[in-house]
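Written out below as structure tokens is the structure these notes cover.
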Amino acid sequence: MRRILLGIAGGTGSGKTTVARRIEQEMGTEDVTIIPQDAYYKDRSDLDFEERKKLNYDHPDAFDNELLKQHLLDLRDGKPIDMPIYDYVLHLRKKETIRVVPGRIVILEGILSLYDPEIRELMDIKIYVDTPDDIRFIRRLKRDIRERGRDMDSVIEQYLTTVRPMHLEFVEQTKKYADIIIPEGGYNNVAINLVVLSLYQKLGGNSKGVEKDD
């Protein structure tokens with residue numbers, strides 16, 4: 001079975017996950033596997049909590065790209081993987097993993113999904129979600145307070161010291177590698193429809209109900 005790898009990059013809070021979910025909704029959940037790049041932060045259990053808090057999680061070196069690349073190759077070849085689970089509160093990779101079985105479409109979404117050349121070359125379609133900085137910051141602020149146990153001051157400090165500089169230095173430059181740039185993220189229906197049409201064409205024009213391999 002032909003499997004399609006799709007990379008979705010963009011700044012923090014740009015709407016990458018929303019785009020991935022919209023594609024999943026349009027193509028059918030049984031056909032789409034979403035892999036968050038954030039699950040592949042390096043295991044830094046060798047450091048204590050205070051040291052882990054100070055790490056730059058927006059730098060390309062924060063990610064375990066070797067493991068991610070191998071997992072993407074396995075998924076492309078129809079093999080299941082044991083995806084890591086990352087604890088954002090403790091800044092640790094958990095001992096537990098998630099068993100992931102590939103659908104016809106495998107989506108990698110994350111701020112630096114298009115940064116590593118070897119991972120980028122695996123992608124059949126490359127997308128960059130382009131959203132204004134102020135909107136992205138507000139979304140990140142709300143998310144980190146609600147879901148990751150942060151307070152406002154720590155989110156602002158992290159944004160100013162690492163998130164924004166790393167976005168300008170590493171994330172934004174990956175826009176030039178994108179096949180499709182989506183303003184407004186998952187709310188851009190025209191762009192989402194174009195992506196879905198392209199996916200159907202790459203899959204041979206088959207509909208959602210196509211029988212999959214065992």
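Ordering of the structure tokens sets the chain letters (A, B, ...), residue numbers begin anew at 1 in every chain, and ligands are numbered from 1 in the order given.
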May I have the residues within 6 Å of range 139-152 of chain A as a ChimeraX atom specification, using only C-alpha atoms and disregarding those fewer than 2 positions away in the same chain? /A:13,88-89,136-137,154-155
Could you save the residues just selected, with N, CA and C atoms, as a compact mmCIF listing (two decimals), in the first residue's frame?
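To be explicit, this is the file written out as part-v1.txt:
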```
# COMPACT_ATOMS: atom_id res chain seq x y z
N GLY A 13 2.07 27.79 18.35
CA GLY A 13 0.75 28.39 18.36
C GLY A 13 0.23 28.81 17.00
N TYR A 88 5.47 17.28 29.84
CA TYR A 88 5.84 18.68 29.73
C TYR A 88 6.00 19.35 31.10
N VAL A 89 5.39 18.78 32.11
CA VAL A 89 5.50 19.35 33.45
C VAL A 89 6.84 19.02 34.08
N ARG A 136 0.03 33.91 17.75
CA ARG A 136 0.75 32.72 18.18
C ARG A 136 1.12 32.80 19.66
N PHE A 137 1.58 33.97 20.09
CA PHE A 137 1.98 34.12 21.49
C PHE A 137 0.79 33.93 22.42
N SER A 154 6.53 32.77 33.68
CA SER A 154 7.48 31.80 33.12
C SER A 154 7.27 31.64 31.62
N VAL A 155 6.01 31.70 31.18
CA VAL A 155 5.72 31.58 29.74
C VAL A 155 6.29 32.78 28.99
```
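The neighbours of range 17-31 of chain A here are the residues that come within 9 Å of it, using only C-alpha atoms and leaving out any residue fewer than 6 positions away in the same chain; they are A:Ile8, A:Pro102, A:Gly103, A:Arg104, A:Ile105, A:Val106, A:Ile107, A:Leu108, A:Glu109, A:Gly110, A:Val129, A:Ile182, A:Gly185, A:Gly186, A:Tyr187, A:Asn188, A:Ile192, A:Asn193, A:Val195, A:Val196, A:Leu199, A:Tyr200, A:Ser207, A:Lys208, A:Gly209, A:Lys212.
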Write the residues of the preceding selection, restricted to C-alpha atoms, as a compact mmCIF listing (two decimals), in the first residue's frame.
```txt
# COMPACT_ATOMS: atom_id res chain seq x y z
CA ILE A 8 3.52 20.40 8.90
CA PRO A 102 0.33 3.64 10.30
CA GLY A 103 -2.57 4.73 8.17
CA ARG A 104 -2.29 5.57 4.49
CA ILE A 105 -1.27 9.10 5.47
CA VAL A 106 1.34 9.84 8.15
CA ILE A 107 1.50 13.44 9.35
CA LEU A 108 4.49 14.83 11.25
CA GLU A 109 3.63 18.13 12.89
CA GLY A 110 5.95 20.34 14.92
CA VAL A 129 1.46 27.27 8.72
CA ILE A 182 -1.21 28.13 4.83
CA GLY A 185 -4.01 27.62 9.79
CA GLY A 186 -6.91 25.20 10.01
CA TYR A 187 -9.46 27.92 9.36
CA ASN A 188 -8.24 28.37 5.78
CA ILE A 192 -7.15 22.58 3.44
CA ASN A 193 -9.21 21.52 0.41
CA VAL A 195 -4.09 19.67 0.51
CA VAL A 196 -6.83 17.04 0.67
CA LEU A 199 -3.46 13.68 -1.03
CA TYR A 200 -6.22 11.91 -2.96
CA SER A 207 -11.76 7.29 -1.61
CA LYS A 208 -11.85 6.90 2.16
CA GLY A 209 -13.31 3.46 1.92
CA LYS A 212 -6.18 -1.34 3.61
```
For His167 in chain A, the closest of A:Ile111, A:Ile4, A:Leu90, A:Ile85 counting only C-alpha atoms is A:Ile111
Counting only C-alpha atoms, what is within 9 Å of range 64-81 of chain A, bar same-chain residues fewer than 5 positions away, as a compact mmCIF listing (two decimals) with N, CA and C atoms, in the first residue's frame?
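What ended up in selection.txt:
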```
# COMPACT_ATOMS: atom_id res chain seq x y z
N MET A 1 0.84 -1.20 0.00
CA MET A 1 0.00 0.00 0.00
C MET A 1 0.87 1.25 0.00
N ARG A 2 0.53 2.21 -0.83
CA ARG A 2 1.26 3.47 -0.91
C ARG A 2 0.92 4.34 0.28
N ARG A 3 1.93 4.71 1.05
CA ARG A 3 1.73 5.60 2.19
C ARG A 3 2.35 6.96 1.90
N ILE A 4 1.66 8.00 2.32
CA ILE A 4 2.09 9.36 2.08
C ILE A 4 2.57 9.97 3.39
N LEU A 5 3.76 10.58 3.36
CA LEU A 5 4.27 11.31 4.52
C LEU A 5 4.09 12.80 4.28
N ILE A 35 1.77 12.24 14.03
CA ILE A 35 2.94 12.10 14.91
C ILE A 35 3.37 13.51 15.34
N GLN A 37 5.91 16.08 16.72
CA GLN A 37 7.37 16.15 16.89
C GLN A 37 7.75 16.31 18.37
N TYR A 40 9.21 13.66 20.60
CA TYR A 40 10.57 13.19 20.37
C TYR A 40 11.63 14.13 20.94
N TYR A 41 11.27 14.87 22.01
CA TYR A 41 12.31 15.56 22.74
C TYR A 41 13.29 14.53 23.30
N LYS A 42 14.55 14.88 23.33
CA LYS A 42 15.56 13.95 23.82
C LYS A 42 15.30 13.58 25.28
N ASP A 43 15.66 12.35 25.62
CA ASP A 43 15.55 11.89 27.00
C ASP A 43 16.70 12.50 27.80
N ILE A 98 3.43 4.71 23.30
CA ILE A 98 2.15 4.50 22.62
C ILE A 98 2.40 3.68 21.36
N ARG A 99 1.67 2.60 21.21
CA ARG A 99 1.77 1.79 20.00
C ARG A 99 1.01 2.49 18.88
N VAL A 100 1.70 2.78 17.80
CA VAL A 100 1.11 3.51 16.68
C VAL A 100 1.17 2.65 15.43
N VAL A 101 0.01 2.45 14.82
CA VAL A 101 -0.09 1.69 13.57
C VAL A 101 -0.32 2.69 12.44
N PRO A 102 0.45 2.61 11.35
CA PRO A 102 0.33 3.64 10.30
C PRO A 102 -0.92 3.51 9.46
N GLY A 103 -1.52 4.67 9.16
CA GLY A 103 -2.57 4.73 8.17
C GLY A 103 -1.97 4.99 6.80
N ARG A 104 -2.82 5.28 5.83
CA ARG A 104 -2.29 5.57 4.49
C ARG A 104 -1.55 6.90 4.45
N ILE A 105 -1.89 7.79 5.39
CA ILE A 105 -1.27 9.10 5.47
C ILE A 105 -0.65 9.26 6.85
N VAL A 106 0.64 9.60 6.89
CA VAL A 106 1.34 9.84 8.15
C VAL A 106 1.73 11.30 8.19
N LEU A 108 3.58 14.36 10.21
CA LEU A 108 4.49 14.83 11.25
C LEU A 108 4.24 16.31 11.44
N ASP A 116 15.29 19.39 9.70
CA ASP A 116 16.32 18.38 9.46
C ASP A 116 16.25 17.92 8.01
N GLU A 118 17.36 15.29 6.35
CA GLU A 118 17.03 13.89 6.10
C GLU A 118 15.56 13.61 6.36
N ILE A 119 15.01 14.22 7.40
CA ILE A 119 13.58 14.05 7.68
C ILE A 119 12.76 14.78 6.62
N LEU A 122 12.06 12.95 3.44
CA LEU A 122 11.10 11.84 3.50
C LEU A 122 9.69 12.30 3.16
N ASP A 213 -4.20 -2.72 3.76
CA ASP A 213 -3.47 -3.96 4.01
C ASP A 213 -3.65 -4.38 5.44
```
Could you please determine the separation between CA of Thr131 in chain A and CA of Gln173 in chain A in Å, to one decimal place? 14.3 Å
From CA of Phe170 in chain A to CA of Lys16 in chain A the spacing works out at 16.5 Å
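One distance worth recording is that between CA of Gln158 in chain A and CA of Ala178 in chain A, which is 27.1 Å.
Using only C-alpha atoms, the shortest contact distance between Glu96 in chain A and any of A:Ala39, A:Ile125, A:Glu51, A:Glu184 is found at A:Ala39.
Among the candidates A:Tyr159, A:Met83, A:Gly15, A:Ser198, the residue lying nearest to Thr33 in chain A is A:Met83 (atoms considered: only C-alpha atoms).
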Might you pull out every residue within 10 Å of Leu55 in chain A, with only C-alpha atoms counted and same-chain residues fewer than 6 positions away left off, and present them as an NGL selection string? :A and (44 or 62 or 91 or 162)
I'd like to know which residues of chain A are strand (DSSP E or B) (by DSSP, run on the backbone); could you write them as JSON, numbers by chain? {"A": [4, 5, 6, 7, 8, 9, 10, 32, 33, 34, 35, 36, 41, 63, 81, 82, 83, 84, 85, 86, 87, 92, 93, 94, 95, 96, 97, 98, 99, 100, 105, 106, 107, 108, 109, 125, 126, 127, 128, 129, 130, 180, 181, 182, 183]}
